Amino acid sequence: MPTETLLPDPPLWLTTPLLGEPVATRLLAILDAELSWQRPSLRLYGREHPIPRCQVWMGDPEACYRYSGRDFLPEPWHPAVAELRDLVIIALAMTGTECHFNSVLLNRYAGGEERMGWHSDDEPELGQDPLIAAVSLGAERPLRFRWKDRRAPAFNAWLPHDSLLVMGPGTQERLQHALLPRRIPGLRISLTFRRVQG
């Protein structure tokens, strides 16, 4: 699998293709049709706002997650997502990176107007220096990164269909990322695999 280093430090790299066709497109259709997509509301500045996308939190029973003041209990693993998790773990092991993901956040973007704001995946449940592996399916969109200390310009990581972006240790501490609105049509589903600490 061809891999491109986007940043050497902290480690940020992109692998594509991950699954190959027609497997990747079939998986996109399965996830779109079979998951119980939700659009929860989050409290911002004292008001409730529905998130501008749909999502599912999935994982082992103990993998509870707190995000924007709300607790999310995991849905049980869908067989196709569990199989993808295992493939990602194997792909990372081939690079010498060991990981044991027990959860995944799936986000569904119906089109380019749906988005994710600036943030770091640095919640306490993820422990010190988490490794996060993000699989992208569907419409290609750029994930925007910016340095927290503004040491260098912000940059885009374009995430094509059937790609794996690995955000290694230190990425969440030193950078923020966002999926900003774009005039890009088409469904996109992202799966960010992570390990919630017990």
# chains A, B, ... in the order shown; residues from 1 in each chain; ligands from 1
$ residues_around --residues "Pro169 in chain A" --least-positions-apart "4" --cutoff "8 Å" --atoms "only C-alpha atoms" --output "PyMOL selection string"
chain A and resi 10-11+129-131
$ select_by_dssp --residues "range 48-114 of chain A" --states "strand (DSSP E or B)" --output "PyMOL selection string"
chain A and resi 48-50+54-59+65-67+70-72+75+103-109
$ write_last_selection --atoms "C-alpha atoms" --output "mmCIF file, in the first residue's frame"
data_model
loop_
_atom_site.group_PDB
_atom_site.id
_atom_site.type_symbol
_atom_site.label_atom_id
_atom_site.label_comp_id
_atom_site.auth_asym_id
_atom_site.auth_seq_id
_atom_site.Cartn_x
_atom_site.Cartn_y
_atom_site.Cartn_z
ATOM 1 C CA GLU A 48 -28.434 23.542 21.967
ATOM 2 C CA HIS A 49 -27.319 23.101 18.359
ATOM 3 C CA PRO A 50 -27.710 19.960 16.208
ATOM 4 C CA CYS A 54 -24.621 12.549 11.357
ATOM 5 C CA GLN A 55 -22.593 10.227 13.539
ATOM 6 C CA VAL A 56 -22.410 6.897 15.348
ATOM 7 C CA TRP A 57 -20.160 6.088 18.316
ATOM 8 C CA MET A 58 -19.306 2.373 18.235
ATOM 9 C CA GLY A 59 -17.050 0.098 20.223
ATOM 10 C CA TYR A 65 -16.718 8.833 25.479
ATOM 11 C CA ARG A 66 -17.325 12.407 26.615
ATOM 12 C CA TYR A 67 -17.472 15.049 23.910
ATOM 13 C CA ARG A 70 -22.124 14.928 26.558
ATOM 14 C CA ASP A 71 -21.543 11.275 27.344
ATOM 15 C CA PHE A 72 -21.773 8.828 24.446
ATOM 16 C CA GLU A 75 -23.209 1.020 19.825
ATOM 17 C CA SER A 103 -13.825 2.224 19.567
ATOM 18 C CA VAL A 104 -14.578 4.268 16.478
ATOM 19 C CA LEU A 105 -16.412 7.497 15.728
ATOM 20 C CA LEU A 106 -18.194 7.358 12.379
ATOM 21 C CA ASN A 107 -19.233 10.644 10.758
ATOM 22 C CA ARG A 108 -21.550 10.850 7.766
ATOM 23 C CA TYR A 109 -21.407 13.956 5.566
#
$ closest_atom_pairs --of "range 125-171 of chain A" --to "range 181-193 of chain A" --cutoff "8 Å" --atoms "only C-alpha atoms" --output "tab-separated table"
residue	atom	partner	partner_atom	distance
A:Ile132	CA	A:Phe193	CA	5.8
A:Ala133	CA	A:Phe193	CA	5.2
A:Ala134	CA	A:Thr192	CA	4.2
A:Val135	CA	A:Leu191	CA	5.1
A:Ser136	CA	A:Ser190	CA	4.6
A:Leu137	CA	A:Ile189	CA	5.3
A:Gly138	CA	A:Arg188	CA	4.4
A:Ala139	CA	A:Arg188	CA	5.0
A:Glu140	CA	A:Arg188	CA	7.5
A:Arg141	CA	A:Ile184	CA	7.4
$ closest_residue --among "A:Leu28, A:Ile90, A:Ala33, A:Leu159" --to "Leu179 in chain A" --atoms "only C-alpha atoms"
A:Leu159
$ select_by_dssp --residues "range 3-197 of chain A" --states "helix (DSSP H, G or I)" --output "number ranges by chain"
A: 23-34, 79-93, 124-126, 171-174
$ residues_around --residues "Arg85 in chain A" --least-positions-apart "3" --cutoff "8 Å" --atoms "only C-alpha atoms" --output "ChimeraX atom specification"
/A:81-82,88-89,101,193
$ closest_residue --among "A:Ala178, A:Met94, A:Leu31, A:Leu73" --to "Met1 in chain A" --atoms "only C-alpha atoms"
A:Met94
$ residues_around --residues "His119 in chain A" --least-positions-apart "5" --cutoff "12 Å" --atoms "only C-alpha atoms" --output "NGL selection string"
:A and (67-68 or 143-148 or 171-180)
$ atom_distance --atom1 "CA of Thr97 in chain A" --atom2 "CA of Phe155 in chain A"
24.9 Å
$ closest_residue --among "A:Gly96, A:Pro17, A:Pro40, A:Pro160" --to "Pro52 in chain A" --atoms "only C-alpha atoms"
A:Pro40
